[in-house]
Structures are given as structure tokens and as C-alpha cells.
Amino acid sequence: MRYIGNKTRLLGFIRRVIRARAIPHGHAIDPFTGTASVGRALKRWGFTVTASDIMHYGYVLARAYVEAGHEPDFTALGDAIELQKPTLRRVLSHLERVPVQPSFIHEHYSPDGGAGAAHGRMYFTPQNALRIDSARVRIEEWRCAGLVDDDGYH
């Protein structure tokens, strides 16, 4: 995920500084993690990372990219999405096919939504906003039904 202020373009610089200063792998802190691009890279480079952010999306991305140590177990979803072995890739493929339904993202962050358009918040195309809403609603339903745990939810 990219947005203005994201640190993805700084990762090469950060990596060079770590190497040039011979900073050993250890514990790294990623305050204001945002999209978790720095925390994710530090984890990939062998660091133990603590990431934090006051924004909920930052928490969710850090939870998914930094905290999770392995692919979530989606076994409980098998019957719900008619798959014998529901892997992350298969669950995502299923979410791409769910019928679209407008909800919060479409309403507030696309030009077709009344609230979004009124406030100039047009971050997503109408079609992408519908896809995001549909996936988000389905994942929330799965969580409420106990079909995904916290790792799978995030």
C-alpha cells in the first residue's frame, strides 16, 4: 500500500545505513508505522520489530505484516467458501469473486459516494471501493461467526 508520506522509497537508504554502520540484528522500533513498510523490511532483514501507530489502519497493517509469523489457518472457512484446503491465496481469490455491495468505503472514499464526494475524499475508484467494501464486509461476517481468528482477520 502506498500513500503520500509512505517510507517505501527510503528502504534502500535505511538498508545502506544499517550496513554501513554495521548495526547488528536485534530489536527495532517502528513508531508511526503507517503502512508498515519499514517494519516489514526490518523483519525481513532479521530484526525483531515493535511497530505502533495511533491510526487503526497502521495497527492492522503492522499486525498482518510485522506481527504475524506465518500464514493464518483458514481451516474453519472450508465449508463456508466450499474449499477443502482454504489457503490465504484461495481465500483472497474467493473474496475477489464475492458480489459487490456499497458500504462505508464506497460512501466515504469514492466519487460515487455522497459523503466522500461532498468532502473531496475520492481515494478509490467506485469499482475498487465496492470491491474493498465487499471483502471487508465478508471478512467481518466470518469473524463474527468465529470462522477466522485474529490473525486471519487482520
# chains A, B, ... in the order shown; residues from 1 in each chain; ligands from 1

$ select_by_dssp --residues "chain A" --states "helix (DSSP H, G or I)" --output "ChimeraX atom specification"
/A:8-20,37-44,56-67,75-77,88-97,104-109,114-119,126-144,150-153

$ write_last_selection --atoms "C-alpha atoms" --output "mmCIF file, in the first residue's frame"
data_model
loop_
_atom_site.group_PDB
_atom_site.id
_atom_site.type_symbol
_atom_site.label_atom_id
_atom_site.label_comp_id
_atom_site.auth_asym_id
_atom_site.auth_seq_id
_atom_site.Cartn_x
_atom_site.Cartn_y
_atom_site.Cartn_z
ATOM 1 C CA THR A 8 8.911 2.685 0.861
ATOM 2 C CA ARG A 9 11.297 4.820 -1.183
ATOM 3 C CA LEU A 10 13.582 5.181 1.838
ATOM 4 C CA LEU A 11 14.090 1.432 2.352
ATOM 5 C CA GLY A 12 17.259 1.302 0.234
ATOM 6 C CA PHE A 13 18.739 4.209 2.191
ATOM 7 C CA ILE A 14 17.779 2.624 5.521
ATOM 8 C CA ARG A 15 19.344 -0.682 4.459
ATOM 9 C CA ARG A 16 22.581 1.062 3.383
ATOM 10 C CA VAL A 17 22.813 2.933 6.706
ATOM 11 C CA ILE A 18 22.285 -0.284 8.680
ATOM 12 C CA ARG A 19 25.044 -1.998 6.680
ATOM 13 C CA ALA A 20 27.436 0.985 6.707
ATOM 14 C CA SER A 37 6.768 -0.767 5.053
ATOM 15 C CA VAL A 38 9.767 -0.069 7.311
ATOM 16 C CA GLY A 39 8.760 -2.599 9.976
ATOM 17 C CA ARG A 40 8.105 -5.224 7.329
ATOM 18 C CA ALA A 41 11.509 -4.640 5.734
ATOM 19 C CA LEU A 42 13.287 -4.707 9.104
ATOM 20 C CA LYS A 43 11.596 -8.017 9.908
ATOM 21 C CA ARG A 44 12.668 -9.399 6.511
ATOM 22 C CA HIS A 56 -6.232 1.803 13.208
ATOM 23 C CA TYR A 57 -5.125 1.032 9.642
ATOM 24 C CA GLY A 58 -1.492 1.208 10.849
ATOM 25 C CA TYR A 59 -2.282 -1.300 13.562
ATOM 26 C CA VAL A 60 -3.980 -3.635 11.082
ATOM 27 C CA LEU A 61 -1.116 -3.476 8.577
ATOM 28 C CA ALA A 62 1.519 -3.957 11.289
ATOM 29 C CA ARG A 63 -0.454 -6.865 12.710
ATOM 30 C CA ALA A 64 -0.628 -8.524 9.281
ATOM 31 C CA TYR A 65 2.882 -7.748 8.015
ATOM 32 C CA VAL A 66 5.048 -7.468 11.118
ATOM 33 C CA GLU A 67 3.475 -9.435 13.955
ATOM 34 C CA THR A 75 -9.446 -24.343 8.023
ATOM 35 C CA ALA A 76 -12.703 -23.248 9.683
ATOM 36 C CA LEU A 77 -13.646 -21.383 6.484
ATOM 37 C CA LEU A 88 -4.572 -17.460 2.044
ATOM 38 C CA ARG A 89 -4.307 -17.333 -1.752
ATOM 39 C CA ARG A 90 -7.591 -19.253 -2.149
ATOM 40 C CA VAL A 91 -9.377 -17.114 0.425
ATOM 41 C CA LEU A 92 -8.243 -13.952 -1.389
ATOM 42 C CA SER A 93 -9.381 -15.445 -4.693
ATOM 43 C CA HIS A 94 -12.784 -16.128 -3.135
ATOM 44 C CA LEU A 95 -13.007 -12.539 -1.855
ATOM 45 C CA GLU A 96 -12.343 -11.234 -5.368
ATOM 46 C CA ARG A 97 -15.498 -13.019 -6.534
ATOM 47 C CA PHE A 104 -18.521 2.592 4.182
ATOM 48 C CA ILE A 105 -15.548 2.878 1.786
ATOM 49 C CA HIS A 106 -17.761 3.439 -1.250
ATOM 50 C CA GLU A 107 -19.819 6.027 0.613
ATOM 51 C CA HIS A 108 -16.920 7.979 2.102
ATOM 52 C CA TYR A 109 -13.923 7.463 -0.188
ATOM 53 C CA GLY A 114 -22.385 11.025 -1.234
ATOM 54 C CA ALA A 115 -20.238 11.691 1.837
ATOM 55 C CA GLY A 116 -16.933 11.127 0.044
ATOM 56 C CA ALA A 117 -17.746 13.379 -2.862
ATOM 57 C CA ALA A 118 -19.100 16.082 -0.561
ATOM 58 C CA HIS A 119 -15.834 16.212 1.386
ATOM 59 C CA PRO A 126 -16.090 3.457 -7.417
ATOM 60 C CA GLN A 127 -15.363 -0.119 -8.569
ATOM 61 C CA ASN A 128 -12.364 -0.524 -6.242
ATOM 62 C CA ALA A 129 -14.339 0.940 -3.351
ATOM 63 C CA LEU A 130 -17.115 -1.606 -3.974
ATOM 64 C CA ARG A 131 -14.585 -4.472 -4.049
ATOM 65 C CA ILE A 132 -12.982 -3.271 -0.797
ATOM 66 C CA ASP A 133 -16.383 -2.950 0.883
ATOM 67 C CA SER A 134 -17.495 -6.392 -0.256
ATOM 68 C CA ALA A 135 -14.312 -8.068 1.010
ATOM 69 C CA ARG A 136 -14.359 -6.085 4.250
ATOM 70 C CA VAL A 137 -17.981 -6.969 4.993
ATOM 71 C CA ARG A 138 -17.422 -10.664 4.232
ATOM 72 C CA ILE A 139 -14.322 -10.839 6.457
ATOM 73 C CA GLU A 140 -16.266 -9.158 9.268
ATOM 74 C CA GLU A 141 -19.067 -11.722 8.856
ATOM 75 C CA TRP A 142 -16.518 -14.550 9.083
ATOM 76 C CA ARG A 143 -15.019 -13.061 12.217
ATOM 77 C CA CYS A 144 -18.419 -12.650 13.902
ATOM 78 C CA ASP A 150 -7.492 -12.584 14.850
ATOM 79 C CA ASP A 151 -4.540 -13.448 12.586
ATOM 80 C CA GLY A 152 -6.854 -14.402 9.724
ATOM 81 C CA TYR A 153 -8.994 -11.331 10.290
#

$ select_by_dssp --residues "region 2-144 of chain A" --states "strand (DSSP E)" --output "list of chain:residue names"
A:His27, A:Ala28, A:Ile29, A:Asp30, A:Thr48, A:Val49, A:Thr50, A:Ala51

$ atom_distance --atom1 "CA of Leu147 (chain A)" --atom2 "CA of Val100 (chain A)"
21.0 Å

$ atom_distance --atom1 "CA of Lys7 (chain A)" --atom2 "CA of Gly34 (chain A)"
8.9 Å

$ decode --residues "region 128-144 of chain A" --atoms "all heavy atoms" --output "compact mmCIF listing (two decimals), in the first residue's frame"
# COMPACT_ATOMS: atom_id res chain seq x y z
N ASN A 128 -13.28 -0.05 -7.28
CA ASN A 128 -12.36 -0.52 -6.24
C ASN A 128 -12.97 -0.36 -4.86
O ASN A 128 -12.81 -1.22 -3.99
CB ASN A 128 -11.02 0.20 -6.32
CG ASN A 128 -10.15 -0.32 -7.44
OD1 ASN A 128 -10.37 -1.41 -7.95
ND2 ASN A 128 -9.17 0.47 -7.83
N ALA A 129 -13.69 0.73 -4.65
CA ALA A 129 -14.34 0.94 -3.35
C ALA A 129 -15.38 -0.15 -3.09
O ALA A 129 -15.48 -0.67 -1.98
CB ALA A 129 -14.99 2.32 -3.30
N LEU A 130 -16.13 -0.53 -4.12
CA LEU A 130 -17.11 -1.61 -3.97
C LEU A 130 -16.44 -2.93 -3.65
O LEU A 130 -16.91 -3.70 -2.81
CB LEU A 130 -17.95 -1.75 -5.26
CG LEU A 130 -18.95 -0.64 -5.53
CD1 LEU A 130 -19.50 -0.75 -6.96
CD2 LEU A 130 -20.07 -0.66 -4.51
N ARG A 131 -15.32 -3.22 -4.30
CA ARG A 131 -14.58 -4.47 -4.05
C ARG A 131 -14.06 -4.49 -2.61
O ARG A 131 -14.14 -5.50 -1.93
CB ARG A 131 -13.41 -4.64 -5.02
CG ARG A 131 -13.74 -4.66 -6.48
CD ARG A 131 -14.46 -5.89 -7.02
NE ARG A 131 -14.15 -7.12 -6.36
CZ ARG A 131 -15.07 -8.03 -6.01
NH1 ARG A 131 -16.33 -7.83 -6.26
NH2 ARG A 131 -14.73 -9.13 -5.40
N ILE A 132 -13.51 -3.36 -2.17
CA ILE A 132 -12.98 -3.27 -0.80
C ILE A 132 -14.11 -3.49 0.20
O ILE A 132 -13.98 -4.26 1.15
CB ILE A 132 -12.29 -1.91 -0.57
CG1 ILE A 132 -11.01 -1.81 -1.40
CG2 ILE A 132 -12.00 -1.68 0.91
CD1 ILE A 132 -10.45 -0.40 -1.51
N ASP A 133 -15.24 -2.80 -0.02
CA ASP A 133 -16.38 -2.95 0.88
C ASP A 133 -16.86 -4.39 0.93
O ASP A 133 -17.13 -4.93 2.01
CB ASP A 133 -17.55 -2.05 0.44
CG ASP A 133 -17.42 -0.63 0.94
OD1 ASP A 133 -16.78 -0.42 2.00
OD2 ASP A 133 -17.97 0.27 0.30
N SER A 134 -16.99 -5.02 -0.21
CA SER A 134 -17.50 -6.39 -0.26
C SER A 134 -16.58 -7.34 0.51
O SER A 134 -17.05 -8.18 1.28
CB SER A 134 -17.65 -6.84 -1.71
OG SER A 134 -18.58 -6.01 -2.36
N ALA A 135 -15.27 -7.21 0.29
CA ALA A 135 -14.31 -8.07 1.01
C ALA A 135 -14.34 -7.76 2.50
O ALA A 135 -14.37 -8.67 3.34
CB ALA A 135 -12.91 -7.86 0.44
N ARG A 136 -14.37 -6.49 2.84
CA ARG A 136 -14.36 -6.08 4.25
C ARG A 136 -15.59 -6.61 4.99
O ARG A 136 -15.48 -7.14 6.10
CB ARG A 136 -14.29 -4.55 4.33
CG ARG A 136 -14.11 -3.99 5.72
CD ARG A 136 -14.18 -2.47 5.70
NE ARG A 136 -15.47 -1.98 5.25
CZ ARG A 136 -16.57 -1.93 5.98
NH1 ARG A 136 -16.55 -2.35 7.23
NH2 ARG A 136 -17.69 -1.45 5.49
N VAL A 137 -16.74 -6.50 4.37
CA VAL A 137 -17.98 -6.97 4.99
C VAL A 137 -17.94 -8.49 5.16
O VAL A 137 -18.31 -9.02 6.22
CB VAL A 137 -19.22 -6.52 4.17
CG1 VAL A 137 -20.47 -7.25 4.61
CG2 VAL A 137 -19.40 -5.01 4.30
N ARG A 138 -17.48 -9.20 4.15
CA ARG A 138 -17.42 -10.66 4.23
C ARG A 138 -16.46 -11.11 5.33
O ARG A 138 -16.77 -12.01 6.11
CB ARG A 138 -17.00 -11.24 2.88
CG ARG A 138 -16.94 -12.76 2.81
CD ARG A 138 -18.30 -13.44 3.03
NE ARG A 138 -19.34 -12.94 2.18
CZ ARG A 138 -19.72 -13.46 1.01
NH1 ARG A 138 -19.12 -14.52 0.55
NH2 ARG A 138 -20.68 -12.91 0.31
N ILE A 139 -15.29 -10.48 5.42
CA ILE A 139 -14.32 -10.84 6.46
C ILE A 139 -14.90 -10.58 7.84
O ILE A 139 -14.72 -11.36 8.77
CB ILE A 139 -12.99 -10.09 6.25
CG1 ILE A 139 -12.30 -10.57 4.97
CG2 ILE A 139 -12.07 -10.26 7.46
CD1 ILE A 139 -11.16 -9.68 4.51
N GLU A 140 -15.62 -9.48 7.98
CA GLU A 140 -16.27 -9.16 9.27
C GLU A 140 -17.31 -10.21 9.62
O GLU A 140 -17.43 -10.62 10.77
CB GLU A 140 -16.90 -7.76 9.21
CG GLU A 140 -17.32 -7.23 10.54
CD GLU A 140 -16.17 -6.97 11.49
OE1 GLU A 140 -15.10 -6.52 11.04
OE2 GLU A 140 -16.34 -7.23 12.70
N GLU A 141 -18.08 -10.66 8.63
CA GLU A 141 -19.07 -11.72 8.86
C GLU A 141 -18.37 -13.00 9.33
O GLU A 141 -18.84 -13.66 10.27
CB GLU A 141 -19.85 -12.01 7.57
CG GLU A 141 -20.79 -10.91 7.17
CD GLU A 141 -21.37 -11.10 5.77
OE1 GLU A 141 -20.97 -12.04 5.05
OE2 GLU A 141 -22.23 -10.28 5.39
N TRP A 142 -17.27 -13.35 8.69
CA TRP A 142 -16.52 -14.55 9.08
C TRP A 142 -16.02 -14.43 10.51
O TRP A 142 -16.06 -15.39 11.27
CB TRP A 142 -15.35 -14.79 8.15
CG TRP A 142 -15.71 -15.20 6.75
CD1 TRP A 142 -16.90 -15.73 6.33
CD2 TRP A 142 -14.88 -15.12 5.60
NE1 TRP A 142 -16.84 -15.98 4.99
CE2 TRP A 142 -15.62 -15.62 4.51
CE3 TRP A 142 -13.59 -14.66 5.39
CZ2 TRP A 142 -15.10 -15.70 3.22
CZ3 TRP A 142 -13.06 -14.74 4.11
CH2 TRP A 142 -13.82 -15.25 3.04
N ARG A 143 -15.53 -13.25 10.86
CA ARG A 143 -15.02 -13.06 12.22
C ARG A 143 -16.14 -13.21 13.24
O ARG A 143 -15.99 -13.87 14.26
CB ARG A 143 -14.36 -11.69 12.36
CG ARG A 143 -13.72 -11.50 13.72
CD ARG A 143 -13.12 -10.13 13.83
NE ARG A 143 -12.09 -10.09 14.85
CZ ARG A 143 -11.58 -8.98 15.30
NH1 ARG A 143 -11.97 -7.82 14.81
NH2 ARG A 143 -10.65 -9.00 16.22
N CYS A 144 -17.28 -12.57 12.98
CA CYS A 144 -18.42 -12.65 13.90
C CYS A 144 -18.94 -14.08 14.05
O CYS A 144 -19.42 -14.46 15.12
CB CYS A 144 -19.55 -11.73 13.44
SG CYS A 144 -19.15 -9.98 13.62
